[in-house]
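Below is model08.cif, which holds mmCIF, C-alpha atoms and all ligand atoms.
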data_protein
#
loop_
_atom_site.label_atom_id
_atom_site.label_comp_id
_atom_site.auth_asym_id
_atom_site.auth_seq_id
_atom_site.Cartn_x
_atom_site.Cartn_y
_atom_site.Cartn_z
CA MET A 525 13.52 0.13 -29.20
CA ILE A 526 11.09 -0.47 -26.38
CA LYS A 527 10.76 2.08 -23.62
CA LYS A 528 9.55 0.42 -20.43
CA PHE A 529 6.70 1.68 -18.27
CA LEU A 530 6.18 -0.19 -15.03
CA MET A 531 2.47 0.23 -14.28
CA THR A 532 2.12 -2.35 -11.50
CA PRO A 533 1.02 -1.56 -7.95
CA GLY A 534 4.42 -2.53 -6.60
CA PRO A 535 7.18 -2.43 -7.40
CA THR A 536 6.60 0.98 -8.90
CA GLN A 537 8.67 3.40 -10.95
CA ILE A 538 11.56 5.06 -9.12
CA PRO A 539 12.47 8.73 -9.72
CA PRO A 540 15.97 9.09 -11.23
CA GLU A 541 16.91 11.40 -8.34
CA VAL A 542 16.18 8.56 -5.90
CA LEU A 543 18.15 6.01 -7.94
CA LEU A 544 21.12 8.37 -8.02
CA ALA A 545 20.93 8.99 -4.28
CA SER A 546 20.91 5.24 -3.59
CA ALA A 547 23.86 4.71 -5.92
CA GLN A 548 26.21 6.83 -3.80
CA PRO A 549 29.07 5.06 -2.01
CA ILE A 550 27.65 3.36 1.05
CA ILE A 551 28.15 4.93 4.49
CA HIS A 552 28.44 3.11 7.79
CA HIS A 553 25.25 2.89 9.81
CA ARG A 554 26.81 3.52 13.25
CA ILE A 555 28.10 7.01 12.49
CA GLY A 556 26.52 10.39 13.11
CA THR A 557 25.96 11.11 9.41
CA TYR A 558 23.72 8.07 9.10
CA SER A 559 21.90 8.77 12.38
CA ASP A 560 21.12 12.31 11.26
CA LEU A 561 19.78 11.04 7.96
CA PHE A 562 17.77 8.28 9.65
CA ALA A 563 16.29 10.78 12.13
CA ARG A 564 15.25 13.03 9.23
CA VAL A 565 13.71 10.10 7.37
CA ASN A 566 11.71 9.17 10.46
CA GLU A 567 10.41 12.69 10.91
CA ASN A 568 9.47 13.01 7.24
CA LEU A 569 7.76 9.62 7.26
CA LYS A 570 5.61 10.92 10.10
CA LEU A 571 4.36 13.68 7.79
CA VAL A 572 3.15 11.11 5.26
CA TYR A 573 1.71 8.90 8.00
CA GLN A 574 0.19 12.00 9.66
CA THR A 575 1.25 10.73 13.07
CA LYS A 576 3.27 11.61 16.12
CA ASN A 577 3.66 7.92 16.97
CA VAL A 578 6.97 6.08 16.84
CA ILE A 579 7.71 4.62 13.40
CA ILE A 580 9.84 1.49 13.33
CA SER A 581 11.61 0.38 10.18
CA PHE A 582 12.75 -3.06 9.10
CA ALA A 583 14.91 -4.33 6.25
CA SER A 584 12.17 -6.60 4.94
CA SER A 585 9.30 -6.60 2.51
CA GLY A 586 5.93 -5.35 3.76
CA THR A 587 4.86 -8.79 4.95
CA GLY A 588 7.68 -8.72 7.52
CA ALA A 589 6.14 -5.64 9.14
CA MET A 590 2.70 -7.33 9.05
CA GLU A 591 4.18 -10.33 10.84
CA SER A 592 5.84 -7.98 13.33
CA ALA A 593 2.41 -6.57 14.20
CA VAL A 594 1.03 -10.02 14.97
CA VAL A 595 3.98 -11.18 17.09
CA ASN A 596 4.34 -7.93 19.03
CA LEU A 597 0.67 -7.36 19.81
CA CYS A 598 -0.59 -10.87 20.43
CA SER A 599 -0.14 -13.94 22.60
CA PRO A 600 -1.09 -17.52 21.69
CA GLY A 601 -4.86 -18.01 21.73
CA ASP A 602 -5.70 -14.28 21.63
CA LYS A 603 -8.96 -13.38 19.97
CA VAL A 604 -8.59 -11.17 16.90
CA LEU A 605 -10.96 -9.94 14.21
CA ILE A 606 -9.93 -9.85 10.56
CA ALA A 607 -12.03 -7.89 8.07
CA SER A 608 -10.88 -8.85 4.59
CA CYS A 609 -11.95 -8.03 1.05
CA GLY A 610 -9.14 -9.49 -1.04
CA LYS A 611 -5.92 -11.42 -1.34
CA PHE A 612 -3.97 -9.26 1.08
CA GLY A 613 -6.68 -9.44 3.74
CA GLU A 614 -6.15 -13.20 3.63
CA ARG A 615 -2.58 -12.62 4.76
CA TRP A 616 -3.77 -11.50 8.20
CA ARG A 617 -5.69 -14.77 8.46
CA ASP A 618 -2.65 -16.81 7.39
CA LEU A 619 -0.44 -15.07 9.94
CA SER A 620 -3.05 -15.53 12.67
CA GLN A 621 -3.23 -19.22 11.83
CA VAL A 622 0.55 -19.68 11.91
CA TYR A 623 0.79 -17.99 15.33
CA GLY A 624 -2.12 -19.86 16.91
CA LEU A 625 -4.52 -16.96 17.36
CA ASP A 626 -8.27 -17.41 17.83
CA TYR A 627 -9.38 -15.44 14.77
CA ASP A 628 -12.79 -14.38 13.51
CA TYR A 629 -12.37 -14.00 9.73
CA ARG A 630 -14.98 -11.84 7.99
CA GLU A 631 -14.69 -11.85 4.24
CA TYR A 632 -16.40 -9.32 1.98
CA GLU A 633 -16.96 -9.87 -1.70
CA TRP A 634 -13.78 -9.03 -3.61
CA GLY A 635 -14.20 -5.68 -5.34
CA THR A 636 -16.31 -4.32 -2.48
CA PRO A 637 -15.12 -2.70 0.76
CA VAL A 638 -15.32 -3.84 4.37
CA VAL A 639 -18.41 -2.59 6.25
CA PRO A 640 -17.26 -0.55 9.29
CA GLY A 641 -20.57 -1.08 11.13
CA ASP A 642 -19.95 -4.84 11.16
CA ILE A 643 -16.65 -4.30 12.97
CA GLU A 644 -18.34 -2.07 15.54
CA GLN A 645 -21.00 -4.73 16.13
CA ALA A 646 -18.47 -7.56 16.40
CA LEU A 647 -16.54 -5.61 19.04
CA LYS A 648 -19.76 -4.97 20.98
CA ASP A 649 -20.63 -8.66 20.79
CA ASP A 650 -17.22 -9.79 22.01
CA SER A 651 -15.26 -7.55 24.37
CA GLY A 652 -12.41 -10.10 24.39
CA ILE A 653 -11.18 -9.14 20.91
CA LYS A 654 -7.66 -7.76 21.29
CA ALA A 655 -6.91 -6.59 17.78
CA VAL A 656 -8.68 -5.81 14.52
CA PHE A 657 -6.71 -6.34 11.30
CA VAL A 658 -7.78 -4.57 8.11
CA THR A 659 -6.24 -3.83 4.71
CA HIS A 660 -6.36 -0.13 3.87
CA SER A 661 -5.71 -0.27 0.11
CA GLU A 662 -6.58 -3.81 -1.05
CA THR A 663 -4.11 -4.02 -3.92
CA SER A 664 -5.63 -7.20 -5.35
CA THR A 665 -8.93 -5.46 -6.18
CA GLY A 666 -8.26 -1.71 -6.07
CA VAL A 667 -10.67 -1.20 -3.16
CA VAL A 668 -9.66 1.36 -0.53
CA ASN A 669 -11.39 0.80 2.79
CA ASP A 670 -12.83 3.66 4.81
CA MET A 671 -10.19 3.74 7.54
CA GLN A 672 -11.70 6.82 9.13
CA ALA A 673 -15.00 5.01 9.76
CA ILE A 674 -13.20 1.82 10.79
CA GLY A 675 -11.04 3.85 13.19
CA ALA A 676 -14.17 5.32 14.74
CA ALA A 677 -15.71 1.85 15.01
CA VAL A 678 -12.73 0.46 16.92
CA ALA A 679 -11.79 3.51 19.00
CA GLY A 680 -14.51 2.99 21.61
CA SER A 681 -13.36 -0.56 22.35
CA SER A 682 -10.30 -1.97 24.07
CA ALA A 683 -9.08 -3.53 20.81
CA VAL A 684 -6.25 -2.03 18.78
CA LEU A 685 -6.71 -1.34 15.09
CA VAL A 686 -4.00 -2.52 12.71
CA SER A 687 -4.01 -1.28 9.11
CA ASP A 688 -2.06 -2.78 6.23
CA SER A 689 -1.37 0.42 4.29
CA ILE A 690 1.41 -1.12 2.21
CA SER A 691 -0.04 0.11 -1.09
CA GLY A 692 -2.00 2.98 0.43
CA MET A 693 0.69 4.94 2.25
CA GLY A 694 1.41 8.05 0.20
CA SER A 695 -1.36 7.48 -2.35
CA ALA A 696 -4.62 7.00 -0.41
CA GLU A 697 -4.67 9.36 2.52
CA ILE A 698 -4.57 7.93 6.01
CA LYS A 699 -4.66 10.28 8.99
CA THR A 700 -3.14 7.87 11.48
CA ASP A 701 -3.65 9.92 14.66
CA GLU A 702 -6.86 11.76 13.80
CA TRP A 703 -8.53 8.53 12.62
CA LYS A 704 -7.16 6.59 15.62
CA ILE A 705 -5.33 3.87 13.73
CA ASP A 706 -3.07 2.24 16.31
CA VAL A 707 -0.71 0.39 14.03
CA VAL A 708 -0.06 1.28 10.39
CA VAL A 709 2.12 -0.94 8.25
CA SER A 710 3.68 0.29 5.01
CA GLY A 711 6.32 -0.79 2.52
CA SER A 712 8.93 0.88 0.38
CA GLN A 713 8.08 -0.31 -3.12
CA LYS A 714 4.76 1.46 -3.67
CA ALA A 715 3.95 5.16 -3.27
CA LEU A 716 7.09 5.82 -1.24
CA MET A 717 8.93 5.60 -4.57
CA ILE A 718 11.90 3.45 -3.63
CA PRO A 719 12.79 -0.16 -4.49
CA PRO A 720 11.50 -3.14 -2.47
CA GLY A 721 13.26 -3.95 0.80
CA LEU A 722 12.06 -1.62 3.55
CA ALA A 723 8.96 -1.88 5.72
CA PHE A 724 7.59 0.48 8.35
CA VAL A 725 5.15 0.32 11.20
CA SER A 726 3.76 3.10 13.40
CA VAL A 727 2.69 2.18 16.93
CA SER A 728 0.29 4.14 19.18
CA ASP A 729 0.41 4.28 22.99
CA LYS A 730 -2.65 2.02 23.12
CA ALA A 731 -0.77 -0.54 21.03
CA TRP A 732 2.39 -0.28 23.16
CA SER A 733 0.40 -1.34 26.21
CA LEU A 734 -0.53 -4.55 24.38
CA VAL A 735 3.11 -5.06 23.37
CA GLU A 736 4.05 -5.27 27.05
CA SER A 737 1.87 -8.34 27.59
CA SER A 738 2.55 -10.10 24.26
CA THR A 739 4.26 -13.49 24.61
CA LEU A 740 4.56 -14.63 21.00
CA PRO A 741 8.20 -15.33 20.05
CA LYS A 742 10.12 -12.61 18.21
CA TYR A 743 13.71 -11.62 17.71
CA TYR A 744 14.50 -9.53 14.59
CA PHE A 745 10.96 -8.14 14.54
CA ASP A 746 10.89 -7.21 18.26
CA TRP A 747 9.40 -3.69 18.46
CA THR A 748 10.79 -3.12 21.95
CA LYS A 749 14.36 -3.58 20.71
CA ALA A 750 13.61 -1.28 17.76
CA ARG A 751 12.13 1.42 20.02
CA LYS A 752 15.18 1.31 22.30
CA ALA A 753 17.52 1.81 19.33
CA LEU A 754 15.37 4.69 18.07
CA ALA A 755 15.33 6.40 21.46
CA GLN A 756 19.12 6.74 21.63
CA GLU A 757 20.64 10.18 21.36
CA LYS A 758 21.74 9.21 17.87
CA PRO A 759 18.73 7.22 16.61
CA THR A 760 19.47 3.94 14.92
CA THR A 761 18.12 0.45 14.28
CA ALA A 762 18.80 -2.64 16.37
CA PHE A 763 20.30 -4.42 13.35
CA THR A 764 22.08 -3.38 10.15
CA PRO A 765 19.67 -1.26 8.10
CA ALA A 766 19.34 -1.32 4.29
CA VAL A 767 21.49 1.82 4.15
CA SER A 768 21.22 2.55 0.41
CA LEU A 769 17.43 2.21 0.48
CA VAL A 770 17.20 4.57 3.45
CA VAL A 771 19.36 7.09 1.57
CA GLY A 772 16.98 6.75 -1.40
CA LEU A 773 14.00 7.18 0.90
CA ASP A 774 15.47 10.39 2.26
CA LYS A 775 15.44 11.76 -1.29
CA ALA A 776 11.96 10.39 -2.06
CA LEU A 777 10.54 11.94 1.10
CA SER A 778 12.12 15.29 0.27
CA MET A 779 10.36 15.11 -3.13
CA ILE A 780 7.06 14.35 -1.37
CA HIS A 781 7.73 17.22 1.01
CA ASP A 782 8.32 19.57 -1.94
CA GLU A 783 5.13 18.42 -3.68
CA GLY A 784 3.16 18.94 -0.47
CA ILE A 785 0.99 16.35 1.23
CA ASP A 786 -2.29 17.81 -0.09
CA ASN A 787 -1.05 17.85 -3.68
CA LEU A 788 0.31 14.33 -3.25
CA PHE A 789 -3.11 12.90 -2.43
CA LYS A 790 -4.90 15.12 -4.93
CA ARG A 791 -2.56 13.96 -7.73
CA HIS A 792 -3.37 10.34 -6.91
CA ILE A 793 -7.10 11.02 -6.88
CA VAL A 794 -6.83 12.58 -10.35
CA LEU A 795 -4.72 9.64 -11.62
CA GLY A 796 -7.46 7.27 -10.42
CA ARG A 797 -10.21 9.42 -11.94
CA ALA A 798 -8.48 9.66 -15.32
CA THR A 799 -7.81 5.91 -15.41
CA ARG A 800 -11.41 5.04 -14.57
CA ALA A 801 -12.73 7.53 -17.13
CA ALA A 802 -10.47 5.99 -19.79
CA ILE A 803 -11.52 2.44 -18.97
CA LYS A 804 -15.20 3.37 -19.21
CA GLY A 805 -14.51 5.34 -22.39
CA MET A 806 -13.05 2.22 -23.99
CA GLY A 807 -16.22 0.34 -23.13
CA LEU A 808 -14.48 -1.85 -20.55
CA GLU A 809 -15.88 -2.63 -17.11
CA LEU A 810 -14.23 -1.61 -13.85
CA PHE A 811 -13.68 -4.28 -11.21
CA SER A 812 -12.64 -1.80 -8.53
CA PRO A 813 -15.31 0.66 -7.39
CA ASP A 814 -15.80 3.85 -9.40
CA ASP A 815 -14.83 5.78 -6.33
CA ASP A 816 -12.32 8.57 -5.64
CA HIS A 817 -10.93 6.65 -2.67
CA CYS A 818 -9.45 4.20 -5.19
CA SER A 819 -6.37 6.21 -5.97
CA SER A 820 -3.64 3.54 -5.81
CA VAL A 821 -4.67 0.92 -8.35
CA THR A 822 -7.45 0.45 -10.88
CA ALA A 823 -8.73 -3.06 -11.51
CA VAL A 824 -10.44 -3.77 -14.83
CA LYS A 825 -12.42 -6.81 -15.96
CA VAL A 826 -10.78 -8.64 -18.87
CA PRO A 827 -13.33 -8.47 -21.69
CA GLU A 828 -15.07 -11.65 -22.81
CA GLY A 829 -13.05 -13.56 -25.40
CA ILE A 830 -9.70 -11.98 -24.46
CA GLU A 831 -7.00 -13.99 -22.73
CA ASP A 832 -5.48 -12.07 -19.84
CA GLY A 833 -1.98 -13.53 -20.29
CA LYS A 834 -1.87 -12.68 -24.00
CA LEU A 835 -3.13 -9.16 -23.35
CA ARG A 836 -0.53 -8.38 -20.71
CA THR A 837 2.29 -10.00 -22.67
CA LEU A 838 1.42 -7.89 -25.71
CA THR A 839 1.21 -4.64 -23.74
CA ARG A 840 4.59 -5.45 -22.19
CA ASP A 841 6.57 -6.93 -25.07
CA LYS A 842 5.30 -4.74 -27.89
CA TYR A 843 4.33 -1.51 -26.18
CA GLY A 844 6.59 -1.60 -23.09
CA VAL A 845 3.77 -1.31 -20.54
CA GLN A 846 3.88 -3.79 -17.68
CA LEU A 847 0.42 -4.30 -16.16
CA ALA A 848 -0.50 -6.61 -13.28
CA GLY A 849 -2.91 -9.53 -13.43
CA GLY A 850 -5.45 -10.83 -10.96
CA GLN A 851 -4.73 -12.93 -7.88
CA GLY A 852 -6.50 -15.82 -6.17
CA HIS A 853 -9.88 -16.73 -7.63
CA ILE A 854 -9.91 -13.65 -9.91
CA LYS A 855 -6.64 -14.60 -11.63
CA GLY A 856 -7.19 -14.31 -15.38
CA LYS A 857 -10.35 -12.27 -14.88
CA ILE A 858 -8.91 -8.82 -14.20
CA ILE A 859 -5.94 -6.68 -15.05
CA ARG A 860 -4.62 -4.04 -12.67
CA ILE A 861 -3.10 -0.67 -13.51
CA GLY A 862 -0.95 0.66 -10.69
CA HIS A 863 -0.66 4.41 -10.21
CA CYS A 864 0.73 4.76 -6.70
CA GLY A 865 3.93 6.75 -6.44
CA TYR A 866 6.01 8.33 -9.17
CA TYR A 867 3.23 8.65 -11.76
CA ASN A 868 1.68 11.49 -13.65
CA TYR A 869 -0.48 12.01 -16.72
CA THR A 870 2.15 10.71 -19.15
CA ASP A 871 2.13 7.26 -17.58
CA ILE A 872 -1.65 6.95 -17.68
CA ILE A 873 -1.86 8.12 -21.29
CA VAL A 874 0.84 5.63 -22.32
CA ALA A 875 -0.76 2.76 -20.38
CA ILE A 876 -4.20 3.41 -21.87
CA THR A 877 -2.71 3.77 -25.37
CA ALA A 878 -0.99 0.39 -25.01
CA LEU A 879 -4.17 -1.20 -23.71
CA GLU A 880 -6.22 0.15 -26.62
CA LEU A 881 -3.65 -1.01 -29.20
CA ALA A 882 -3.23 -4.46 -27.66
CA LEU A 883 -6.96 -5.05 -27.32
CA LYS A 884 -7.52 -4.02 -30.93
CA GLU A 885 -4.73 -6.33 -32.08
CA LEU A 886 -6.34 -9.21 -30.16
CA GLY A 887 -9.61 -8.59 -31.96
CA HIS A 888 -11.56 -6.69 -29.31
CA PRO A 889 -13.77 -3.98 -30.82
CA VAL A 890 -12.19 -0.91 -29.27
CA GLU A 891 -12.01 2.47 -30.92
CA LEU A 892 -8.47 3.86 -30.75
CA GLY A 893 -8.45 7.04 -28.69
CA SER A 894 -11.73 6.31 -26.94
CA GLY A 895 -9.97 5.81 -23.61
CA VAL A 896 -7.08 8.22 -24.12
CA SER A 897 -9.41 11.10 -24.96
CA ARG A 898 -11.38 10.54 -21.74
CA ALA A 899 -8.20 10.52 -19.67
CA GLN A 900 -7.05 13.69 -21.43
CA ALA A 901 -10.34 15.35 -20.60
CA VAL A 902 -9.83 14.63 -16.89
CA PHE A 903 -6.23 15.85 -16.94
CA GLY A 904 -7.24 18.91 -18.93
CA GLU A 905 -9.68 19.88 -16.20
CA GLU A 906 -7.96 18.71 -13.06
CA MET A 907 -4.24 18.13 -13.42
CA VAL A 908 -2.36 18.78 -10.18
C1 LIG A 1001 -1.92 -4.37 0.52
C2 LIG A 1001 -0.69 -5.21 0.51
N1 LIG A 1001 -0.41 -5.93 1.59
C3 LIG A 1001 0.68 -6.72 1.65
C4 LIG A 1001 1.54 -6.78 0.59
C5 LIG A 1001 2.74 -7.66 0.69
O1 LIG A 1001 3.88 -6.87 0.71
P1 LIG A 1001 5.31 -7.48 0.36
O2 LIG A 1001 5.18 -8.19 -0.94
O3 LIG A 1001 6.16 -6.25 0.31
O4 LIG A 1001 5.67 -8.39 1.46
C6 LIG A 1001 1.29 -6.08 -0.57
C7 LIG A 1001 2.17 -6.19 -1.74
O5 LIG A 1001 1.77 -6.06 -2.88
C8 LIG A 1001 0.16 -5.26 -0.61
O6 LIG A 1001 -0.13 -4.52 -1.69
#
Using structure tokens, write down the structure from this file.
Amino acid sequence: MIKKFLMTPGPTQIPPEVLLASAQPIIHHRIGTYSDLFARVNENLKLVYQTKNVIISFASSGTGAMESAVVNLCSPGDKVLIASCGKFGERWRDLSQVYGLDYDYREYEWGTPVVPGDIEQALKDDSGIKAVFVTHSETSTGVVNDMQAIGAAVAGSSAVLVSDSISGMGSAEIKTDEWKIDVVVSGSQKALMIPPGLAFVSVSDKAWSLVESSTLPKYYFDWTKARKALAQEKPTTAFTPAVSLVVGLDKALSMIHDEGIDNLFKRHIVLGRATRAAIKGMGLELFSPDDDHCSSVTAVKVPEGIEDGKLRTLTRDKYGVQLAGGQGHIKGKIIRIGHCGYYNYTDIIVAITALELALKELGHPVELGSGVSRAQAVFGEEMV
């Protein structure tokens, strides 16, 4: 019998309470019961986002909400700045290309963060830049960018700051209002602990003023339509929502509420710390920085002589632990351990155990327990 442990940075494990909530008979989305639930979900999402801004939701994956940011903020030919340090940063470039924007693409070495001072300088050099697009938690490398410093770098300019926090929301803290992040995109299948299929975007007043002048085409992803539906006495969405996912989210957010926002982020920091300690204890090398900001996913270099595909197949098929591989030019060179969302010490201990066993079986000289004992030491000291 194989017990399965999903240790990827999306989709992530779902609490049984959330699965049960979503499995209830569906309710209609134009009745008061749904509106009340949707209003509560919106308010509770604001606690995780740490914002008073409007939050719009779409029945789409996270990329849909990213696309919505481009088409609602920009017009053809607009100048935008993209600061990227991984596969998901590239997505802002791809979207900008598709929609005919005049983009300045700055790429930082994968595995290292964006430099906030460069953004500040670029905005000083070119006052025509309308928007700055950055990835908060770069899931492909495990890097978490310093959104507070980036927020400060953009705040003095006329540009709006857009953050892809799809894998960061709920695991790597983002103080949307205090850090002056105008638009924050997130998705359901990461630390929000529900299945894939919902995406969210918060929009500041500064961003709304850009929305008014945007001429790119949009229909389903039109933020103005979404805001109108939200502003009704009984808040709703312009189009049919993914009702069962929203019901699940209501439960997930109540669990986050019960845990408390400070404990939520602290737990993720400890999960990251324990994972990094274990990896180093096993004699493996980290690809993501050895940095407490990196609380969503840990990227690890595949040791010399080990084939990434074989390693991940063995951890999955024999030990039940599904890990993620690398993307883009680092495919085959790293493995990624996701720990954003419904994770605690048990998951990390199991994942590290599987990794040790599989590496040993593939002939890598690893001492069994060398990683697990280091993770245990962190949990013993710091478990939240
Ligand atoms: C940082 C980041 N951005 C964008 C995406 C794309 O989201 P989706 O696959 O939900 O469209 C992901 C998904 O892994 C992500 O982690």
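Nearest to A:Ser584 of all the residues A:Ser726, A:Gln713, A:Ser559, A:Thr837 is A:Gln713, counting all atoms listed in the file.
All residues of protein, DNA or RNA that reach within 7 Å of stretch 669-681 of chain A, judged by all atoms listed in the file and not counting those fewer than 4 positions away in the chain, are Pro637, Val638, Pro640, Gly641, Ile643, Glu644, Leu647, His660, Ser661, Leu685, Trp703, Lys704 and Ile705 of chain A.
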Let me have the centre and edge lengths of the axis-aligned box enclosing all listed atoms of ligand LIG 1001 (chain A) with 4 Å padding on every side, in Å to one decimal, as JSON.
{"center_x": 2.1, "center_y": -6.4, "center_z": -0.6, "size_x": 16.1, "size_y": 12.0, "size_z": 12.5}
Exercise for review: Compare A:Thr764, A:Gln846, A:Asn596, A:Thr822 by their minimum atom-to-atom distance to A:Glu662, counting only C-alpha atoms, and give me the closest one.
Suggested key: A:Thr822
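You can rank A:Ala683, A:Ile580, A:Val824, A:Leu571 by their closest distance to A:Cys598 using only C-alpha atoms, and at the top of that list sits A:Ala683.
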Exercise for review: For A:Arg791, work out the shell of residues within 12 Å, counting only C-alpha atoms and skipping chain neighbours fewer than 6 positions away, then give it as number ranges by chain.
Suggested key: A: 694-697, 715, 780, 783-785, 797-798, 816, 819-820, 863-869, 902-903, 906-908
Practice item. Go through A:Gly610, A:Gly904, A:Gly624, A:Gly887 and flag the residue nearest ligand LIG 1001 (chain A), using all atoms listed in the file for the distances. Key: A:Gly610
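Ranking A:Leu788, A:Ala589, A:Leu773, A:Leu881 by their shortest atom-to-atom distance to ligand LIG 1001 (chain A), with all atoms listed in the file included, puts A:Ala589 first.
Checking A:Ala646, A:Glu591, A:Asn568, A:Asp688 one by one against ligand LIG 1001 (chain A), counting all atoms listed in the file, you find the shortest gap at A:Asp688.
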At most 6 Å from ligand LIG 1001 (chain A) (all atoms listed in the file): residue list as a PDB file with C-alpha atoms, keeping the file's coordinate frame:
ATOM      1  CA  GLY A 534       4.420  -2.530  -6.600  1.00  0.00           C
ATOM      2  CA  SER A 585       9.300  -6.600   2.510  1.00  0.00           C
ATOM      3  CA  GLY A 586       5.930  -5.350   3.760  1.00  0.00           C
ATOM      4  CA  THR A 587       4.860  -8.790   4.950  1.00  0.00           C
ATOM      5  CA  PHE A 612      -3.970  -9.260   1.080  1.00  0.00           C
ATOM      6  CA  SER A 661      -5.710  -0.270   0.110  1.00  0.00           C
ATOM      7  CA  GLU A 662      -6.580  -3.810  -1.050  1.00  0.00           C
ATOM      8  CA  THR A 663      -4.110  -4.020  -3.920  1.00  0.00           C
ATOM      9  CA  ASP A 688      -2.060  -2.780   6.230  1.00  0.00           C
ATOM     10  CA  ILE A 690       1.410  -1.120   2.210  1.00  0.00           C
ATOM     11  CA  SER A 691      -0.040   0.110  -1.090  1.00  0.00           C
ATOM     12  CA  GLY A 711       6.320  -0.790   2.520  1.00  0.00           C
TER      13      GLY A 711
END
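The space separating atom CA of A:Asn787 from atom CA of A:Ala723 comes to 24.0 Å.
Put simply, atom CA of A:Lys775 is 11.9 Å away from atom CA of A:Ala547.
The space between atom CA of A:Val708 and atom CA of A:Tyr558 spans 24.8 Å.
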